[in-house]
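For reference, run.txt is printed below; it contains compact mmCIF, C-alpha atoms.
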```txt
# COMPACT_ATOMS: atom_id res chain seq x y z
CA MET F 429 -19.71 5.51 -12.97
CA GLU F 430 -17.12 3.69 -10.90
CA LEU F 431 -14.10 5.75 -10.04
CA ARG F 432 -10.86 4.04 -10.88
CA ARG F 433 -8.79 4.04 -7.73
CA ASP F 434 -5.32 5.49 -7.50
CA VAL F 435 -2.43 3.09 -7.00
CA PHE F 436 -1.00 5.45 -4.38
CA GLN F 437 -4.14 5.16 -2.32
CA ALA F 438 -3.62 1.42 -2.42
CA ILE F 439 -0.18 1.50 -0.91
CA ALA F 440 -0.97 4.30 1.56
CA ASP F 441 -2.22 1.80 4.12
CA PRO F 442 0.22 -0.39 6.10
CA THR F 443 -2.12 -3.41 6.05
CA ARG F 444 -2.42 -3.16 2.28
CA ARG F 445 1.35 -2.86 1.95
CA MET F 446 1.66 -6.01 4.03
CA ILE F 447 -0.85 -7.82 1.80
CA ILE F 448 1.11 -6.75 -1.29
CA SER F 449 4.35 -8.09 0.20
CA MET F 450 2.66 -11.37 1.08
CA VAL F 451 1.07 -12.09 -2.27
CA ALA F 452 4.21 -10.94 -4.06
CA PHE F 453 5.82 -13.98 -2.50
CA GLN F 454 3.03 -16.42 -3.42
CA ALA F 455 -0.60 -16.44 -4.56
CA MET F 456 -2.93 -16.69 -1.56
CA THR F 457 -6.58 -17.29 -0.75
CA PRO F 458 -8.45 -14.54 1.15
CA THR F 459 -8.60 -16.86 4.18
CA ALA F 460 -4.85 -17.41 4.17
CA ILE F 461 -4.27 -13.66 3.87
CA ALA F 462 -6.69 -12.86 6.73
CA GLU F 463 -4.99 -15.39 9.03
CA ASN F 464 -1.93 -13.14 9.13
CA PHE F 465 -3.82 -10.24 10.68
CA ASP F 466 -5.68 -9.51 13.89
CA SER F 467 -8.31 -7.51 12.00
CA SER F 468 -11.66 -8.99 11.12
CA ARG F 469 -12.16 -11.02 7.96
CA GLN F 470 -14.42 -8.23 6.60
CA THR F 471 -11.71 -5.61 7.10
CA ILE F 472 -9.17 -7.70 5.23
CA SER F 473 -11.73 -8.40 2.46
CA LYS F 474 -12.21 -4.65 2.10
CA HIS F 475 -8.45 -4.14 1.73
CA ILE F 476 -8.28 -6.92 -0.86
CA GLN F 477 -11.18 -5.34 -2.72
CA ILE F 478 -9.41 -1.96 -2.84
CA LEU F 479 -6.21 -3.57 -4.07
CA THR F 480 -8.14 -5.40 -6.75
CA GLU F 481 -9.93 -2.20 -7.86
CA CYS F 482 -6.55 -0.54 -8.12
CA GLU F 483 -5.49 -3.43 -10.32
CA ILE F 484 -2.62 -4.25 -8.01
CA LEU F 485 -4.07 -7.68 -7.23
CA GLU F 486 -5.74 -10.06 -9.61
CA GLN F 487 -7.89 -13.09 -8.94
CA GLU F 488 -7.32 -16.57 -10.18
CA GLN F 489 -9.80 -19.41 -9.72
CA LYS F 490 -8.13 -22.67 -8.78
CA GLY F 491 -10.74 -25.39 -8.26
CA ARG F 492 -13.15 -24.07 -5.62
CA GLU F 493 -10.76 -21.52 -4.24
CA ILE F 494 -10.01 -17.98 -5.37
CA TYR F 495 -6.36 -17.04 -5.18
CA TYR F 496 -5.01 -13.51 -5.20
CA GLN F 497 -1.72 -12.66 -6.83
CA LEU F 498 0.14 -9.53 -7.87
CA ASN F 499 -0.91 -7.99 -11.14
CA PRO F 500 2.41 -7.03 -12.73
CA ASN F 501 0.68 -4.45 -14.95
CA GLY F 502 -0.87 -2.67 -11.95
CA MET F 503 2.45 -2.26 -10.24
CA LYS F 504 3.94 -0.64 -13.32
CA GLU F 505 2.10 2.55 -12.48
CA ILE F 506 4.59 3.45 -9.75
CA ALA F 507 7.39 3.03 -12.26
CA GLN F 508 5.52 5.49 -14.48
CA PHE F 509 5.66 8.08 -11.71
CA ILE F 510 9.36 7.46 -11.28
CA GLU F 511 10.20 8.10 -14.92
CA PRO F 512 9.45 11.89 -14.94
CA PHE F 513 11.35 12.18 -11.67
CA ARG F 514 14.30 10.28 -13.16
CA LYS F 515 14.19 12.52 -16.22
CA LEU F 516 14.24 15.63 -14.01
CA TRP F 517 17.44 14.46 -12.31
CA ASP F 518 18.93 13.19 -15.56
CA ASP F 519 18.50 16.68 -17.08
CA ARG F 520 20.07 18.33 -14.03
CA PHE F 521 23.01 15.91 -14.01
CA ASN F 522 23.56 16.34 -17.76
CA LYS F 523 23.77 20.06 -17.15
CA LEU F 524 26.14 19.57 -14.23
CA GLU F 525 28.36 17.37 -16.39
CA SER F 526 28.55 19.80 -19.30
CA ILE F 527 29.16 22.82 -17.03
CA MET F 528 31.90 21.05 -15.08
CA LYS F 529 33.58 19.75 -18.24
CA LYS F 530 34.04 23.34 -19.35
CA HIS F 531 35.03 24.38 -15.88
CA ARG F 532 37.82 21.81 -15.51
CA PRO F 533 41.28 23.35 -15.44
CA LYS F 534 43.16 21.97 -18.46
CA MET I 1323 21.51 0.68 -23.30
CA GLU I 1324 21.77 1.35 -19.59
CA GLN I 1325 20.50 4.76 -18.48
CA LYS I 1326 23.07 7.09 -16.97
CA THR I 1327 20.75 8.23 -14.20
CA GLN I 1328 18.83 5.54 -12.37
CA VAL I 1329 16.16 5.79 -9.71
CA PHE I 1330 15.27 2.90 -7.45
CA ALA I 1331 12.15 2.94 -5.27
CA LYS I 1332 10.66 -0.02 -3.49
CA ASP I 1333 6.88 0.12 -3.11
CA THR I 1334 6.97 -0.56 0.61
CA GLU I 1335 9.95 1.54 1.65
CA GLN I 1336 10.17 5.25 2.44
CA ASP I 1337 13.31 6.01 0.50
CA LEU I 1338 14.69 6.63 -2.95
CA LEU I 1339 18.06 5.81 -4.43
CA ILE I 1340 19.38 7.89 -7.30
CA THR I 1341 22.62 6.89 -8.99
CA ARG I 1342 24.55 8.56 -11.77
CA GLU I 1343 27.94 8.06 -13.39
CA PHE I 1344 29.79 11.15 -14.60
CA ASP I 1345 32.58 11.70 -17.10
CA LEU I 1346 34.22 13.86 -14.47
CA PRO I 1347 36.89 13.23 -11.84
CA VAL I 1348 35.33 12.89 -8.40
CA LYS I 1349 36.95 16.17 -7.28
CA THR I 1350 35.22 18.08 -10.10
CA LEU I 1351 31.88 16.45 -9.34
CA PHE I 1352 32.17 17.33 -5.65
CA LYS I 1353 33.05 20.91 -6.55
CA ALA I 1354 29.73 21.30 -8.40
CA TYR I 1355 27.99 20.64 -5.08
CA ILE I 1356 29.92 22.98 -2.85
CA GLU I 1357 30.61 26.11 -4.91
CA LYS I 1358 27.74 28.56 -4.92
CA ASP I 1359 28.05 29.83 -8.51
CA LEU I 1360 28.42 26.35 -9.97
CA PHE I 1361 25.53 24.96 -7.94
CA GLU I 1362 23.30 27.82 -9.08
CA GLU I 1363 24.25 27.22 -12.69
CA TRP I 1364 23.47 23.52 -12.93
CA MET I 1365 20.41 23.63 -10.67
CA GLY I 1366 19.11 26.63 -12.61
CA CYS I 1367 18.26 28.54 -9.44
CA ASP I 1368 19.41 31.43 -7.23
CA LEU I 1369 20.96 30.67 -3.87
CA LEU I 1370 19.76 33.14 -1.27
CA GLU I 1371 21.89 31.46 1.37
CA PHE I 1372 24.67 28.93 1.00
CA GLU I 1373 26.93 28.08 3.94
CA PHE I 1374 28.82 24.97 3.03
CA LYS I 1375 30.03 23.88 6.46
CA GLU I 1376 28.80 21.60 9.21
CA TYR I 1377 25.35 22.81 10.31
CA GLY I 1378 25.43 25.49 7.62
CA LYS I 1379 22.17 26.37 5.87
CA TYR I 1380 21.18 26.74 2.23
CA HIS I 1381 18.13 28.29 0.61
CA PHE I 1382 17.40 28.52 -3.09
CA GLU I 1383 14.63 29.73 -5.34
CA LYS I 1384 13.72 29.68 -8.97
CA ARG I 1385 11.81 32.52 -10.59
CA ASN I 1386 10.04 32.73 -13.92
CA PRO I 1387 10.83 35.64 -16.28
CA LYS I 1388 7.97 37.61 -14.72
CA GLY I 1389 9.76 37.41 -11.37
CA ASP I 1390 7.34 35.07 -9.61
CA VAL I 1391 8.89 32.34 -7.48
CA ILE I 1392 8.00 28.99 -9.06
CA PHE I 1393 10.11 26.74 -6.90
CA SER I 1394 12.06 27.13 -3.68
CA GLY I 1395 13.68 24.91 -1.11
CA LYS I 1396 15.97 24.96 1.88
CA GLY I 1397 17.94 22.76 4.21
CA ALA I 1398 21.08 22.32 6.25
CA PHE I 1399 24.37 20.57 5.73
CA HIS I 1400 24.92 18.12 8.54
CA SER I 1401 28.36 16.72 7.81
CA PHE I 1402 30.73 16.11 4.90
CA ILE I 1403 34.03 14.55 3.87
CA PRO I 1404 35.59 16.31 0.84
CA ASN I 1405 35.23 14.26 -2.36
CA GLU I 1406 33.48 11.48 -0.45
CA MET I 1407 30.16 12.37 1.09
CA ILE I 1408 27.66 15.04 2.12
CA VAL I 1409 24.80 14.58 4.56
CA ARG I 1410 22.13 17.25 4.32
CA THR I 1411 18.44 17.88 4.80
CA PHE I 1412 16.07 19.32 2.23
CA GLU I 1413 12.59 20.78 2.39
CA MET I 1414 10.51 22.37 -0.35
CA ASP I 1415 8.69 25.59 0.43
CA VAL I 1416 6.07 25.24 -2.24
CA PHE I 1417 4.43 21.87 -1.71
CA SER I 1418 4.42 21.80 2.11
CA LEU I 1419 5.95 18.34 2.37
CA PRO I 1420 8.02 17.36 5.43
CA ALA I 1421 11.83 17.58 5.32
CA GLN I 1422 13.85 14.75 3.85
CA LEU I 1423 17.31 13.43 4.79
CA GLU I 1424 19.86 13.06 1.97
CA PHE I 1425 23.06 11.02 1.95
CA LEU I 1426 25.25 11.89 -1.02
CA ASN I 1427 28.14 9.58 -1.77
CA PHE I 1428 30.87 10.45 -4.24
CA GLU I 1429 33.04 7.63 -5.59
CA THR I 1430 35.99 7.43 -7.91
CA ILE I 1431 35.56 5.03 -10.81
CA THR I 1432 38.67 6.00 -12.78
CA ASN I 1433 40.79 9.17 -12.77
CA GLU I 1434 38.34 10.70 -15.21
CA THR I 1435 35.02 9.19 -14.12
CA SER I 1436 33.01 9.12 -10.93
CA LYS I 1437 29.74 7.95 -9.44
CA LEU I 1438 27.19 9.78 -7.33
CA THR I 1439 24.76 7.87 -5.12
CA MET I 1440 22.00 9.90 -3.57
CA HIS I 1441 20.04 8.14 -0.86
CA ILE I 1442 16.95 10.11 0.18
CA ILE I 1443 14.92 9.14 3.24
CA PHE I 1444 11.37 10.47 3.60
CA LYS I 1445 9.06 10.73 6.58
CA SER I 1446 6.81 8.00 5.15
CA VAL I 1447 6.09 5.97 2.03
CA ASP I 1448 3.15 8.31 1.29
CA ILE I 1449 5.33 11.41 1.43
CA ARG I 1450 7.82 9.81 -0.95
CA ASN I 1451 5.03 8.95 -3.36
CA GLU I 1452 3.61 12.46 -3.12
CA LEU I 1453 7.01 13.80 -4.12
CA LEU I 1454 7.28 11.41 -7.04
CA LYS I 1455 4.10 12.89 -8.45
CA LYS I 1456 5.49 16.43 -8.25
CA PRO I 1457 7.67 16.50 -11.37
CA PHE I 1458 4.41 16.39 -13.29
CA VAL I 1459 3.36 19.62 -11.65
CA GLN I 1460 6.78 21.11 -12.21
CA GLY I 1461 6.83 19.99 -15.81
CA LEU I 1462 3.47 21.61 -16.33
CA ASN I 1463 4.66 24.81 -14.67
CA MET I 1464 7.69 24.98 -16.90
CA ALA I 1465 5.68 24.31 -20.02
CA HIS I 1466 3.24 26.96 -18.91
CA ASN I 1467 6.03 29.49 -18.37
CA ARG I 1468 7.53 28.74 -21.75
CA LEU I 1469 4.12 29.25 -23.26
CA GLN I 1470 3.87 32.59 -21.50
CA ASP I 1471 7.28 33.60 -22.84
CA ILE I 1472 6.29 32.79 -26.36
CA ALA I 1473 2.95 34.52 -25.92
CA SER I 1474 4.58 37.69 -24.57
CA LYS I 1475 7.05 37.76 -27.49
CA LEU I 1476 4.22 37.33 -29.93
CA ASN I 1477 2.38 40.20 -28.28
CA ARG I 1478 5.33 42.48 -28.84
CA ILE I 1479 5.56 41.53 -32.49
CA LEU I 1480 1.86 41.89 -33.20
```

Would you encode the structure as structure tokens?
Amino acid sequence: MELRRDVFQAIADPTRRMIISMVAFQAMTPTAIAENFDSSRQTISKHIQILTECEILEQEQKGREIYYQLNPNGMKEIAQFIEPFRKLWDDRFNKLESIMKKHRPK
Amino acid sequence: MEQKTQVFAKDTEQDLLITREFDLPVKTLFKAYIEKDLFEEWMGCDLLEFEFKEYGKYHFEKRNPKGDVIFSGKGAFHSFIPNEMIVRTFEMDVFSLPAQLEFLNFETITNETSKLTMHIIFKSVDIRNELLKKPFVQGLNMAHNRLQDIASKLNRIL
């Protein structure tokens, strides 16, 4: 069984973060992506593969070339981690507000 | 409808921005951050140490009804301007994550409303993401404690 990779693993690496920033701007071929790095083509391919497995990147065939672009659904996962954190602070701030409303000197 | 508390996090940056508007004058909001009893009440924790002054330290913990510590953290106040800003550090004892730097800005909107902007800077993007995953753990802990409470009450009845 293939293990579904974690989105956080995907963005843990600086090269992968750079790739994400690049394709967020425009869809790119693997060759065009690799040209921006000193690393070998294989290394960059491996990074692209990880990002694809994490569903952060998706492929699109245009003629003979494969283009990589951001998968908007993959990136939503980070937002899902933010929501419980937001809720935690929202609860605390609601409590602060109600306590301080009572506390206010009339 | 716009949410009162908002959290902004860019995928490639090692910080978090939390904003919240309050139906409170800025003075009252600031007070909630600097008075020990009030801080304990809204954070739902006990302050073991709380020296609100430049380079003063703070240390808090939260215990479950059994008396076990379920959450604790500490830090130092770096600088502040009353009703305007607080710069402090924060570090959790329980998850062994590195310290974070927090810039708290307090703004007046109207005489009766104010806005808090909390800018948190982490050691790295990974550390920030680790922290974002933690409320799950905390949520589970709390649910677990509540379950224990209910279970212990049931035990007494039965």

Could you list, with a cut-off of 7 Å and counting all atoms listed in the file, the residues of chain F near chain I, each shown with its nearest atom pair and the distance in Å rounded to one decimal, rows sorted by chain and ascending number, as CSV?
```
residue,atom,partner,partner_atom,distance
F:Ala440,CA,I:Asp1448,CA,5.8
F:Arg445,CA,I:Thr1334,CA,6.2
F:Phe509,CA,I:Leu1454,CA,6.0
F:Ile510,CA,I:Leu1454,CA,6.2
F:Pro512,CA,I:Pro1457,CA,6.1
F:Phe513,CA,I:Pro1457,CA,5.7
F:Arg514,CA,I:Val1329,CA,6.0
F:Asp518,CA,I:Thr1327,CA,5.5
F:Arg520,CA,I:Met1365,CA,6.3
F:Lys523,CA,I:Trp1364,CA,5.5
F:Leu524,CA,I:Trp1364,CA,4.9
F:Glu525,CA,I:Phe1344,CA,6.6
F:Met528,CA,I:Thr1350,CA,6.7
```

statement: As a check of understanding: the span from CA of Lys1384 in chain I to CA of Val1416 in chain I is 11.1 Å

- request: Please measure the separation of CA of Thr1432 in chain I and CA of Phe1399 in chain I, giving the value in Å to one decimal.
  value: 27.6 Å

task: Between CA of Gly491 in chain F and CA of Met450 in chain F, measure the distance and give it in Å to one decimal.
output: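 It comes out at 21.5 Å.
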
task: Would you mind telling me which residue in F:Asp466, F:Asp441, F:Asp519, F:Glu486 lies nearest to Asn499 in chain F when using only C-alpha atoms?
output: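 Under the stated criterion, the closest residue is F:Glu486.
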
- request: Give me the residues within 7 Å of Met456 in chain F as a ChimeraX atom specification, counting all atoms listed in the file and dropping any in the same chain fewer than 5 places off.
  value: /F:451,461,495-497

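Considering only C-alpha atoms, the residue among F:Pro500, F:Leu516, F:Asn522, F:Ser449 positioned nearest to Glu483 in chain F is F:Pro500.
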
- request: With only C-alpha atoms counted, which protein, DNA or RNA residues have an atom no more than 12 Å from (9.8, 31.9, -10.1) in the file frame? Please answer as a PyMOL selection string.
  value: chain I and resi 1366-1368+1382-1394+1416+1460+1463-1464+1467

- request: Starting from the point (19.7, 30.3, 0.3), work out which residues of protein, DNA or RNA have an atom no more than 7 Å away when counting all atoms listed in the file; state them as a ChimeraX atom specification.
  value: /I:1369-1372,1380-1382,1396

- request: Would you kindly return, as a list in words, each protein, DNA or RNA residue with an atom no farther than 10 Å from any atom of Phe1352 in chain I, considering only C-alpha atoms and excluding same-chain residues fewer than 3 positions away?
  value: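 Residues near the query, excluding close chain neighbours: Leu1346, Pro1347, Val1348, Lys1349, Tyr1355, Ile1356, Glu1357, Pro1404, Asn1405, Glu1406, Met1407, Ile1408, Leu1426, Asn1427, Phe1428, Glu1429, Ser1436 and Leu1438 of chain I.
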
task: Would you mind telling me which residue in I:Arg1410, I:Lys1358, I:Lys1379, I:His1441 lies nearest to Leu1339 in chain I when using only C-alpha atoms?
output: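 Among the listed residues, I:His1441 lies closest to Leu1339 in chain I.
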
message: Taking all atoms listed in the file into account, name the residue in F:Ser526, F:Gln487, F:Thr443, F:Gln454 that is nearest to Lys474 in chain F.
response: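 Using all atoms listed in the file, Lys474 in chain F sits closest to F:Thr443.
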